[in-house]
file final-v9.tsv (TSV, C-alpha atoms and all ligand atoms)
chain	number	residue	atom	x	y	z
A	1	MET	CA	-0.35	29.18	55.46
A	2	LYS	CA	0.70	27.48	52.28
A	3	PHE	CA	1.62	29.82	49.44
A	4	VAL	CA	2.09	28.82	45.81
A	5	THR	CA	3.18	30.29	42.51
A	6	TYR	CA	1.14	29.02	39.59
A	7	ARG	CA	0.62	29.61	35.92
A	8	GLU	CA	-2.50	31.47	35.01
A	9	GLY	CA	-4.20	31.98	31.66
A	10	ALA	CA	-1.68	33.05	29.05
A	11	GLY	CA	1.24	31.59	30.96
A	12	ARG	CA	1.68	34.46	33.38
A	13	ALA	CA	2.97	33.45	36.82
A	14	ALA	CA	0.75	34.42	39.73
A	15	ALA	CA	0.95	34.09	43.50
A	16	GLY	CA	-1.72	32.25	45.45
A	17	VAL	CA	-2.62	30.92	48.86
A	18	LEU	CA	-4.18	27.54	49.63
A	19	ARG	CA	-7.57	27.55	51.29
A	20	GLY	CA	-8.68	23.97	51.77
A	21	ASP	CA	-8.03	22.34	48.41
A	22	ARG	CA	-8.41	25.58	46.45
A	23	VAL	CA	-5.87	28.13	45.29
A	24	VAL	CA	-6.95	31.72	45.86
A	25	GLY	CA	-5.04	34.20	43.68
A	26	LEU	CA	-3.32	36.98	45.59
A	27	SER	CA	-3.25	39.63	42.87
A	28	SER	CA	-6.51	41.16	44.13
A	29	GLY	CA	-4.98	41.02	47.61
A	30	GLY	CA	-2.22	43.27	46.31
A	31	PHE	CA	0.57	40.75	45.68
A	32	ALA	CA	1.81	40.05	42.16
A	33	ASP	CA	4.39	37.52	43.35
A	34	LEU	CA	5.59	35.81	46.51
A	35	ILE	CA	8.75	37.92	46.84
A	36	SER	CA	6.65	41.05	47.32
A	37	LEU	CA	4.77	39.14	50.01
A	38	VAL	CA	7.65	37.55	51.92
A	39	ARG	CA	9.44	40.88	52.31
A	40	LEU	CA	6.67	41.87	54.75
A	41	GLY	CA	7.59	38.96	57.04
A	42	SER	CA	4.94	37.77	59.49
A	43	GLU	CA	2.90	40.89	58.74
A	44	ALA	CA	2.12	39.29	55.35
A	45	VAL	CA	0.42	36.30	56.98
A	46	ARG	CA	-1.63	38.58	59.21
A	47	ARG	CA	-2.64	40.70	56.23
A	48	ILE	CA	-3.62	37.72	54.05
A	49	THR	CA	-5.61	36.14	56.90
A	50	GLU	CA	-7.61	39.34	57.21
A	51	TRP	CA	-8.06	39.76	53.47
A	52	LEU	CA	-9.28	36.16	53.06
A	53	ARG	CA	-12.25	36.96	55.31
A	54	SER	CA	-13.58	39.16	52.51
A	55	VAL	CA	-13.03	36.51	49.82
A	56	PRO	CA	-16.14	34.37	49.21
A	57	GLU	CA	-16.01	30.63	49.98
A	58	GLY	CA	-15.43	28.71	46.77
A	59	ALA	CA	-13.35	31.48	45.21
A	60	GLY	CA	-10.23	30.50	43.29
A	61	LYS	CA	-9.47	27.26	41.51
A	62	PRO	CA	-9.05	23.67	42.67
A	63	LEU	CA	-5.38	22.93	43.47
A	64	SER	CA	-5.56	19.85	41.25
A	65	GLY	CA	-6.48	22.08	38.28
A	66	VAL	CA	-3.63	24.58	38.40
A	67	HIS	CA	-0.08	24.26	37.07
A	68	LEU	CA	2.23	24.92	40.01
A	69	LEU	CA	5.63	26.53	39.52
A	70	ALA	CA	8.43	26.71	42.08
A	71	PRO	CA	7.13	28.97	44.87
A	72	ILE	CA	10.05	31.37	44.27
A	73	PRO	CA	10.78	30.73	40.57
A	74	SER	CA	13.67	33.18	40.35
A	75	PRO	CA	15.21	33.65	43.80
A	76	PRO	CA	17.65	36.56	44.22
A	77	LYS	CA	20.12	34.05	45.68
A	78	PHE	CA	19.96	30.25	45.81
A	79	ILE	CA	22.31	29.28	48.62
A	80	CYS	CA	23.17	25.68	49.46
A	81	VAL	CA	24.85	24.12	52.47
A	82	GLY	CA	27.04	21.06	51.77
A	83	LEU	CA	27.87	18.19	54.13
A	84	ASN	CA	25.39	19.36	56.76
A	85	TYR	CA	24.24	15.95	58.03
A	86	ARG	CA	26.81	13.85	59.90
A	87	ASP	CA	25.82	10.62	58.16
A	88	HIS	CA	26.12	12.22	54.71
A	89	ALA	CA	29.55	13.71	55.49
A	90	ALA	CA	30.66	10.22	56.56
A	91	GLU	CA	29.31	8.46	53.46
A	92	SER	CA	31.02	11.13	51.30
A	93	LYS	CA	34.27	10.31	53.14
A	94	MET	CA	34.55	13.98	54.16
A	95	GLU	CA	35.33	15.27	57.64
A	96	ILE	CA	32.54	16.74	59.77
A	97	PRO	CA	32.94	20.41	58.83
A	98	LYS	CA	33.81	23.04	61.44
A	99	VAL	CA	32.72	25.85	59.12
A	100	PRO	CA	29.61	25.53	56.91
A	101	THR	CA	30.38	24.57	53.31
A	102	ILE	CA	28.47	27.04	51.16
A	103	PHE	CA	27.85	26.91	47.43
A	104	SER	CA	25.18	28.13	45.08
A	105	LYS	CA	22.84	27.15	42.30
A	106	PHE	CA	21.84	29.66	39.61
A	107	SER	CA	18.14	30.51	39.40
A	108	SER	CA	18.14	29.20	35.80
A	109	SER	CA	18.25	25.69	37.32
A	110	VAL	CA	14.95	26.09	39.20
A	111	ILE	CA	11.91	24.03	38.17
A	112	GLY	CA	8.57	23.45	39.86
A	113	PRO	CA	6.75	20.39	41.19
A	114	GLY	CA	5.86	17.90	38.47
A	115	GLU	CA	8.33	19.39	36.00
A	116	SER	CA	10.98	17.11	34.54
A	117	ILE	CA	14.57	16.80	35.72
A	118	VAL	CA	16.44	16.61	32.40
A	119	LEU	CA	19.52	14.38	32.45
A	120	PRO	CA	22.30	16.14	30.55
A	121	LYS	CA	24.09	14.19	27.84
A	122	ASN	CA	27.49	15.24	29.15
A	123	SER	CA	27.16	13.76	32.66
A	124	THR	CA	27.25	10.08	33.56
A	125	GLN	CA	26.66	10.62	37.29
A	126	PRO	CA	23.42	12.58	37.86
A	127	ASP	CA	22.39	12.22	41.50
A	128	TYR	CA	19.59	13.29	43.86
A	129	GLU	CA	19.67	15.10	47.23
A	130	ALA	CA	16.55	15.56	49.39
A	131	GLU	CA	16.75	18.90	51.19
A	132	PHE	CA	14.79	21.06	53.57
A	133	ALA	CA	15.07	24.75	52.64
A	134	PHE	CA	14.23	27.98	54.39
A	135	VAL	CA	13.15	31.15	52.62
A	136	ILE	CA	14.27	34.60	53.75
A	137	GLY	CA	11.51	37.13	54.45
A	138	LYS	CA	12.88	40.31	55.93
A	139	GLY	CA	16.45	40.78	54.69
A	140	GLY	CA	19.47	41.93	56.62
A	141	ARG	CA	23.21	41.96	57.23
A	142	HIS	CA	24.99	40.86	60.41
A	143	ILE	CA	21.86	39.18	61.77
A	144	PRO	CA	22.42	37.79	65.29
A	145	ALA	CA	21.67	34.06	65.53
A	146	ASP	CA	18.94	34.62	68.12
A	147	ARG	CA	17.03	36.94	65.71
A	148	TRP	CA	16.66	34.22	63.06
A	149	ARG	CA	12.89	33.94	63.43
A	150	ASP	CA	12.51	37.59	62.36
A	151	HIS	CA	14.12	36.76	59.00
A	152	VAL	CA	12.80	33.31	58.04
A	153	PHE	CA	9.48	33.68	56.22
A	154	GLY	CA	8.91	29.98	55.73
A	155	TYR	CA	10.01	26.64	54.35
A	156	THR	CA	9.98	24.55	51.22
A	157	ILE	CA	11.55	21.42	49.72
A	158	VAL	CA	14.48	21.34	47.29
A	159	ASN	CA	16.04	18.50	45.34
A	160	ASP	CA	19.72	19.49	45.05
A	161	VAL	CA	20.27	17.47	41.88
A	162	SER	CA	24.01	17.05	41.35
A	163	ALA	CA	26.16	15.79	38.47
A	164	ARG	CA	28.89	14.15	40.55
A	165	ASP	CA	31.42	13.97	37.71
A	166	PHE	CA	31.19	17.75	37.17
A	167	GLN	CA	30.93	18.47	40.91
A	168	MET	CA	34.09	16.57	41.81
A	169	ALA	CA	36.18	17.53	38.75
A	170	THR	CA	37.56	20.57	40.62
A	171	SER	CA	37.43	21.92	44.17
A	172	GLN	CA	34.47	24.14	43.19
A	173	TRP	CA	31.16	22.26	43.15
A	174	LEU	CA	29.12	24.84	41.27
A	175	MET	CA	29.25	23.37	37.75
A	176	GLY	CA	27.91	20.03	38.99
A	177	LYS	CA	25.10	21.70	40.87
A	178	THR	CA	23.59	24.09	38.40
A	179	PHE	CA	22.65	22.33	35.19
A	180	ASP	CA	19.25	23.48	33.91
A	181	THR	CA	16.43	21.70	35.83
A	182	PHE	CA	18.76	20.69	38.71
A	183	ALA	CA	16.84	22.67	41.34
A	184	PRO	CA	13.31	21.31	41.70
A	185	MET	CA	11.54	23.35	44.42
A	186	GLY	CA	8.11	23.25	46.05
A	187	PRO	CA	5.30	22.49	46.02
A	188	TYR	CA	4.52	25.16	48.63
A	189	LEU	CA	6.11	27.90	50.61
A	190	VAL	CA	4.84	27.09	54.10
A	191	SER	CA	4.87	30.08	56.43
A	192	SER	CA	6.94	29.65	59.58
A	193	ASP	CA	3.94	29.93	61.95
A	194	GLU	CA	2.88	26.44	60.76
A	195	ILE	CA	6.22	24.86	61.75
A	196	PRO	CA	6.98	25.55	65.42
A	197	ASP	CA	10.25	23.58	65.35
A	198	PRO	CA	11.98	23.29	61.94
A	199	HIS	CA	14.71	21.19	63.54
A	200	ALA	CA	12.48	18.16	64.16
A	201	LEU	CA	11.04	17.24	60.75
A	202	ASP	CA	11.19	13.87	59.05
A	203	ILE	CA	12.74	14.06	55.58
A	204	ARG	CA	12.56	11.22	53.10
A	205	LEU	CA	13.28	10.57	49.42
A	206	GLU	CA	11.84	7.78	47.31
A	207	ILE	CA	12.54	6.80	43.74
A	208	ASN	CA	9.93	4.60	42.06
A	209	GLY	CA	8.55	3.79	45.51
A	210	GLU	CA	11.89	2.72	47.03
A	211	THR	CA	13.06	4.74	50.06
A	212	LEU	CA	16.66	5.90	49.51
A	213	GLN	CA	16.99	8.70	52.09
A	214	ASN	CA	15.24	8.77	55.46
A	215	SER	CA	16.29	11.15	58.22
A	216	ASN	CA	15.19	14.08	60.36
A	217	THR	CA	16.22	17.74	60.37
A	218	ARG	CA	17.36	17.32	64.00
A	219	GLU	CA	20.47	15.73	62.46
A	220	LEU	CA	21.56	19.02	60.85
A	221	ILE	CA	25.08	19.99	61.92
A	222	PHE	CA	24.64	23.74	61.31
A	223	LYS	CA	21.09	24.77	62.19
A	224	ILE	CA	19.13	27.74	60.89
A	225	PRO	CA	20.21	30.34	63.53
A	226	GLU	CA	23.89	29.62	62.97
A	227	LEU	CA	23.50	29.59	59.19
A	228	ILE	CA	21.70	32.95	59.14
A	229	ALA	CA	24.37	34.53	61.33
A	230	PHE	CA	27.19	33.04	59.24
A	231	LEU	CA	25.75	33.90	55.81
A	232	SER	CA	24.75	37.44	56.79
A	233	SER	CA	28.20	38.07	58.25
A	234	VAL	CA	29.41	38.02	54.62
A	235	PHE	CA	26.54	39.29	52.47
A	236	THR	CA	23.08	40.82	52.72
A	237	LEU	CA	20.27	38.30	52.88
A	238	GLU	CA	17.37	39.48	50.72
A	239	PRO	CA	13.65	38.68	50.61
A	240	GLY	CA	13.13	35.50	48.60
A	241	ASP	CA	16.64	34.12	49.04
A	242	ILE	CA	16.54	30.32	49.33
A	243	VAL	CA	18.84	28.49	51.73
A	244	SER	CA	18.83	24.75	51.13
A	245	THR	CA	20.20	23.17	54.27
A	246	GLY	CA	21.93	20.03	52.96
A	247	THR	CA	21.09	16.38	52.43
A	248	PRO	CA	21.14	13.32	54.71
A	249	ALA	CA	22.78	9.97	53.92
A	250	GLY	CA	21.61	7.74	51.12
A	251	VAL	CA	22.58	9.66	47.98
A	252	GLY	CA	23.26	7.68	44.81
A	253	PHE	CA	27.03	8.04	44.49
A	254	ALA	CA	27.66	6.65	47.99
A	255	ARG	CA	25.64	3.47	47.38
A	256	GLN	CA	27.11	0.10	46.44
A	257	PRO	CA	26.61	-0.12	43.55
A	258	PRO	CA	26.00	3.60	42.87
A	259	ARG	CA	22.40	4.47	42.07
A	260	TYR	CA	22.34	7.43	39.68
A	261	LEU	CA	19.21	9.04	38.24
A	262	GLN	CA	17.81	7.39	35.14
A	263	ALA	CA	15.25	8.41	32.56
A	264	GLY	CA	11.84	7.17	33.72
A	265	ASP	CA	12.56	7.62	37.45
A	266	ASP	CA	9.87	9.19	39.60
A	267	VAL	CA	11.55	11.11	42.46
A	268	VAL	CA	9.49	12.06	45.50
A	269	ILE	CA	10.74	14.04	48.51
A	270	ARG	CA	8.57	14.43	51.60
A	271	VAL	CA	9.28	16.74	54.50
A	272	GLU	CA	6.97	16.58	57.49
A	273	GLY	CA	4.52	19.50	57.43
A	274	ILE	CA	5.98	20.95	54.22
A	275	GLY	CA	4.47	18.63	51.62
A	276	GLU	CA	5.63	16.40	48.83
A	277	LEU	CA	7.84	17.38	45.88
A	278	ARG	CA	7.55	14.99	42.95
A	279	ASN	CA	9.54	15.20	39.71
A	280	PRO	CA	9.89	12.79	36.81
A	281	VAL	CA	13.29	12.26	35.21
A	282	ILE	CA	13.82	12.37	31.43
A	283	ALA	CA	16.81	12.21	29.09
A	284	ALA	CA	17.91	15.34	27.25
A	285	ALA	CA	16.59	15.40	23.69
A	286	SER	CA	19.89	16.64	22.31
B	301	ZN	ZN	22.96	19.47	48.66
call {"tool": "encode", "arguments": {"input": "final-v9.tsv", "output": "structure tokens", "more": "lines below"}}
Ligand code: ZN
result
Amino acid sequence: MKFVTYREGAGRAAAGVLRGDRVVGLSSGGFADLISLVRLGSEAVRRITEWLRSVPEGAGKPLSGVHLLAPIPSPPKFICVGLNYRDHAAESKMEIPKVPTIFSKFSSSVIGPGESIVLPKNSTQPDYEAEFAFVIGKGGRHIPADRWRDHVFGYTIVNDVSARDFQMATSQWLMGKTFDTFAPMGPYLVSSDEIPDPHALDIRLEINGETLQNSNTRELIFKIPELIAFLSSVFTLEPGDIVSTGTPAGVGFARQPPRYLQAGDDVVIRVEGIGELRNPVIAAAS
């Protein structure tokens, strides 16, 4: 199933599920937002499937007529994995890591599909990173790697937009990663039953029609089971936490000459089975 968060009426965010090309609101199904749904794990999908049988055909609104937000607009934690594709570690002139490199983005950086990435005035090196992300359903601590499927609700797409000058100014990447609008996410949260093998998905990024990143999630160094075990060995994973798994080769700063984001760019990320995340790029007004 494909779940969305969208803006309804007076700007209130609502959760919905796609049926064909229509969005059916989930509030009458008992879910005000997607976090309250994902915490039920696979039981949520079963429950929604059953509930939809009672919803008349043609209910809801056409997908093209609703304003989508990020599926989880304010995740409890937004966790990112750095240097998790061999080719990207090489182009960054970093060693293949033996321990996952973990950093974070604040939820204030999250935007939805179609919303603008705003280039800050104080960075000269704004860059893009196509990423495949998994979303925690049932939470937990000390989760064994082989129990990962019990805790992943589904998948989405993230653009880990990065101001390289701020990222590389110190050993801590956070400030370069968490400018407002630097975490486009969406368009859907695709439940895990639709993706039998998340480690075999094509991932691609285009800007203005030119392909700049083109890889497959089979190239991930640390895969989902290992990441879940590692992260939950330190802290509790909670329903709605986002884990963005890292980006393949082809980012702007590693190109000759570098290819940074510019106002007017149209950035599109596609992940097989997960959809297409498109965001325009604009300059900050002040
Ligand atoms: Zn990244």
call {"tool": "residues_near_ligand", "arguments": {"input": "final-v9.tsv", "ligand": "ligand ZN 301 (chain B)", "cutoff": "7 Å", "atoms": "all atoms listed in the file", "output": "list in words"}}
result
Cys80, Val81, Gly82, Glu129, Glu131, Asp160, Gly246 and Thr247 of chain A
call {"tool": "closest_residue", "arguments": {"input": "final-v9.tsv", "among": "A:Pro196, A:Pro187, A:Pro75, A:Gly252", "to": "A:Val161", "atoms": "all atoms listed in the file"}}
result
A:Gly252
call {"tool": "atom_distance", "arguments": {"input": "final-v9.tsv", "atom1": "atom CA of A:Asn208", "atom2": "atom CA of A:Tyr128"}}
result
13.1 Å
call {"tool": "residues_around", "arguments": {"input": "final-v9.tsv", "residues": "A:Ala283", "least_positions_apart": "4", "cutoff": "7 Å", "atoms": "only C-alpha atoms", "output": "list in words"}}
result
Val118, Leu119, Pro120 and Ala263 of chain A
call {"tool": "closest_residue", "arguments": {"input": "final-v9.tsv", "among": "A:Pro71, A:Gly250, A:Gly273, A:Gly112", "to": "A:Val38", "atoms": "only C-alpha atoms"}}
result
A:Pro71
call {"tool": "residues_around", "arguments": {"input": "final-v9.tsv", "residues": "A:Thr5", "least_positions_apart": "2", "cutoff": "9 Å", "atoms": "only C-alpha atoms", "output": "PDB file with C-alpha atoms, in the frame of the given file"}}
result
ATOM      1  CA  PHE A   3       1.620  29.820  49.440  1.00  0.00           C
ATOM      2  CA  ARG A   7       0.620  29.610  35.920  1.00  0.00           C
ATOM      3  CA  ALA A  13       2.970  33.450  36.820  1.00  0.00           C
ATOM      4  CA  ALA A  14       0.750  34.420  39.730  1.00  0.00           C
ATOM      5  CA  ALA A  15       0.950  34.090  43.500  1.00  0.00           C
ATOM      6  CA  GLY A  16      -1.720  32.250  45.450  1.00  0.00           C
ATOM      7  CA  VAL A  17      -2.620  30.920  48.860  1.00  0.00           C
ATOM      8  CA  ASP A  33       4.390  37.520  43.350  1.00  0.00           C
ATOM      9  CA  LEU A  34       5.590  35.810  46.510  1.00  0.00           C
ATOM     10  CA  HIS A  67      -0.080  24.260  37.070  1.00  0.00           C
ATOM     11  CA  LEU A  68       2.230  24.920  40.010  1.00  0.00           C
ATOM     12  CA  LEU A  69       5.630  26.530  39.520  1.00  0.00           C
ATOM     13  CA  ALA A  70       8.430  26.710  42.080  1.00  0.00           C
ATOM     14  CA  PRO A  71       7.130  28.970  44.870  1.00  0.00           C
ATOM     15  CA  ILE A  72      10.050  31.370  44.270  1.00  0.00           C
ATOM     16  CA  PRO A  73      10.780  30.730  40.570  1.00  0.00           C
ATOM     17  CA  PRO A 187       5.300  22.490  46.020  1.00  0.00           C
ATOM     18  CA  TYR A 188       4.520  25.160  48.630  1.00  0.00           C
ATOM     19  CA  LEU A 189       6.110  27.900  50.610  1.00  0.00           C
TER      20      LEU A 189
END
call {"tool": "residues_around", "arguments": {"input": "final-v9.tsv", "residues": "stretch 162-164 of chain A", "least_positions_apart": "2", "cutoff": "9 Å", "atoms": "all atoms listed in the file", "output": "PDB file with C-alpha atoms, keeping the file's coordinate frame"}}
result
ATOM      1  CA  PRO A 120      22.300  16.140  30.550  1.00  0.00           C
ATOM      2  CA  SER A 123      27.160  13.760  32.660  1.00  0.00           C
ATOM      3  CA  THR A 124      27.250  10.080  33.560  1.00  0.00           C
ATOM      4  CA  GLN A 125      26.660  10.620  37.290  1.00  0.00           C
ATOM      5  CA  PRO A 126      23.420  12.580  37.860  1.00  0.00           C
ATOM      6  CA  ASP A 127      22.390  12.220  41.500  1.00  0.00           C
ATOM      7  CA  TYR A 128      19.590  13.290  43.860  1.00  0.00           C
ATOM      8  CA  GLU A 129      19.670  15.100  47.230  1.00  0.00           C
ATOM      9  CA  ASP A 160      19.720  19.490  45.050  1.00  0.00           C
ATOM     10  CA  PHE A 166      31.190  17.750  37.170  1.00  0.00           C
ATOM     11  CA  GLN A 167      30.930  18.470  40.910  1.00  0.00           C
ATOM     12  CA  MET A 168      34.090  16.570  41.810  1.00  0.00           C
ATOM     13  CA  ALA A 169      36.180  17.530  38.750  1.00  0.00           C
ATOM     14  CA  TRP A 173      31.160  22.260  43.150  1.00  0.00           C
ATOM     15  CA  MET A 175      29.250  23.370  37.750  1.00  0.00           C
ATOM     16  CA  GLY A 176      27.910  20.030  38.990  1.00  0.00           C
ATOM     17  CA  LYS A 177      25.100  21.700  40.870  1.00  0.00           C
ATOM     18  CA  THR A 178      23.590  24.090  38.400  1.00  0.00           C
ATOM     19  CA  PHE A 179      22.650  22.330  35.190  1.00  0.00           C
ATOM     20  CA  PHE A 182      18.760  20.690  38.710  1.00  0.00           C
ATOM     21  CA  PHE A 253      27.030   8.040  44.490  1.00  0.00           C
TER      22      PHE A 253
END
call {"tool": "atom_distance", "arguments": {"input": "final-v9.tsv", "atom1": "atom CA of A:Ser286", "atom2": "atom CA of A:Ser104"}}
result
26.0 Å
call {"tool": "axis_aligned_box", "arguments": {"input": "final-v9.tsv", "around": "stretch 52-65 of chain A", "padding_each_side": "6 Å", "output": "JSON"}}
result
{"center_x": -10.8, "center_y": 29.5, "center_z": 46.8, "size_x": 22.8, "size_y": 31.3, "size_z": 29.0}
call {"tool": "residues_around", "arguments": {"input": "final-v9.tsv", "residues": "A:Phe230", "least_positions_apart": "2", "cutoff": "12 Å", "atoms": "all atoms listed in the file", "output": "count of residues only"}}
result
24
call {"tool": "atom_distance", "arguments": {"input": "final-v9.tsv", "atom1": "atom CA of A:Val251", "atom2": "atom CA of A:Val135"}}
result
23.9 Å
call {"tool": "residues_around", "arguments": {"input": "final-v9.tsv", "residues": "A:Pro97", "least_positions_apart": "5", "cutoff": "9 Å", "atoms": "all atoms listed in the file", "output": "ChimeraX atom specification"}}
result
/A:83-84,89,221
call {"tool": "residues_near_point", "arguments": {"input": "final-v9.tsv", "point": "(18.9, 14.8, 62.3)", "cutoff": "12 Å", "atoms": "only C-alpha atoms", "output": "ChimeraX atom specification"}}
result
/A:84-88,132,198-204,214-223,245-249
call {"tool": "closest_residue", "arguments": {"input": "final-v9.tsv", "among": "A:Ile195, A:Ala183, A:Ala285, A:Ala229", "to": "A:Tyr155", "atoms": "all atoms listed in the file"}}
result
A:Ile195
call {"tool": "closest_residue", "arguments": {"input": "final-v9.tsv", "among": "A:Gly139, A:Gly25, A:Pro184, A:Gly240", "to": "A:Val4", "atoms": "only C-alpha atoms"}}
result
A:Gly25
call {"tool": "closest_residue", "arguments": {"input": "final-v9.tsv", "among": "A:Ala284, A:Leu277, A:Ile157, A:Val23", "to": "A:Ser64", "atoms": "all atoms listed in the file"}}
result
A:Val23
call {"tool": "closest_residue", "arguments": {"input": "final-v9.tsv", "among": "A:Ser54, A:Gln256, A:Thr181, A:Thr170", "to": "A:Val158", "atoms": "all atoms listed in the file"}}
result
A:Thr181
call {"tool": "decode", "arguments": {"input": "final-v9.tsv", "residues": "stretch 184-238 of chain A", "atoms": "C-alpha atoms", "output": "short mmCIF file (atom, residue, chain, number, x, y, z; two decimals), in the first residue's frame"}}
result
data_model
loop_
_atom_site.label_atom_id
_atom_site.label_comp_id
_atom_site.auth_asym_id
_atom_site.auth_seq_id
_atom_site.Cartn_x
_atom_site.Cartn_y
_atom_site.Cartn_z
CA PRO A 184 12.79 16.54 0.85
CA MET A 185 10.89 13.29 1.53
CA GLY A 186 8.20 11.32 -0.29
CA PRO A 187 6.01 11.17 -2.21
CA TYR A 188 4.70 8.01 -0.53
CA LEU A 189 5.35 5.73 2.37
CA VAL A 190 5.22 2.35 0.63
CA SER A 191 4.45 -0.52 3.01
CA SER A 192 7.06 -3.25 3.15
CA ASP A 193 4.74 -5.97 1.76
CA GLU A 194 5.03 -4.24 -1.66
CA ILE A 195 8.84 -4.50 -1.70
CA PRO A 196 9.93 -8.13 -1.22
CA ASP A 197 13.65 -7.28 -1.50
CA PRO A 198 14.65 -3.71 -0.55
CA HIS A 199 18.26 -4.53 -1.41
CA ALA A 200 17.66 -4.80 -5.16
CA LEU A 201 16.12 -1.47 -6.19
CA ASP A 202 17.33 0.88 -8.89
CA ILE A 203 17.97 4.39 -7.59
CA ARG A 204 18.53 7.35 -9.88
CA LEU A 205 18.73 11.14 -9.67
CA GLU A 206 18.21 13.58 -12.51
CA ILE A 207 18.57 17.33 -12.62
CA ASN A 208 16.85 19.10 -15.51
CA GLY A 209 16.63 15.74 -17.28
CA GLU A 210 20.33 14.86 -16.93
CA THR A 211 21.10 11.65 -15.01
CA LEU A 212 23.71 12.37 -12.32
CA GLN A 213 23.32 9.35 -10.01
CA ASN A 214 22.38 5.85 -11.15
CA SER A 215 22.85 2.81 -8.93
CA ASN A 216 21.05 0.03 -7.09
CA THR A 217 20.43 -0.59 -3.39
CA ARG A 218 22.31 -3.90 -3.72
CA GLU A 219 25.45 -1.73 -3.55
CA LEU A 220 24.73 -0.69 0.06
CA ILE A 221 27.66 -1.51 2.35
CA PHE A 222 25.58 -1.72 5.56
CA LYS A 223 22.17 -3.18 4.78
CA ILE A 224 18.93 -2.74 6.70
CA PRO A 225 19.31 -5.69 9.15
CA GLU A 226 22.78 -4.57 10.22
CA LEU A 227 21.72 -0.93 10.50
CA ILE A 228 18.71 -1.76 12.69
CA ALA A 229 20.84 -3.89 15.00
CA PHE A 230 23.57 -1.24 15.19
CA LEU A 231 21.27 1.76 15.76
CA SER A 232 19.09 -0.01 18.32
CA SER A 233 22.17 -1.15 20.24
CA VAL A 234 22.57 2.53 21.19
CA PHE A 235 19.08 4.04 21.31
CA THR A 236 15.42 3.09 21.09
CA LEU A 237 14.01 3.11 17.59
CA GLU A 238 10.53 4.64 17.63
#
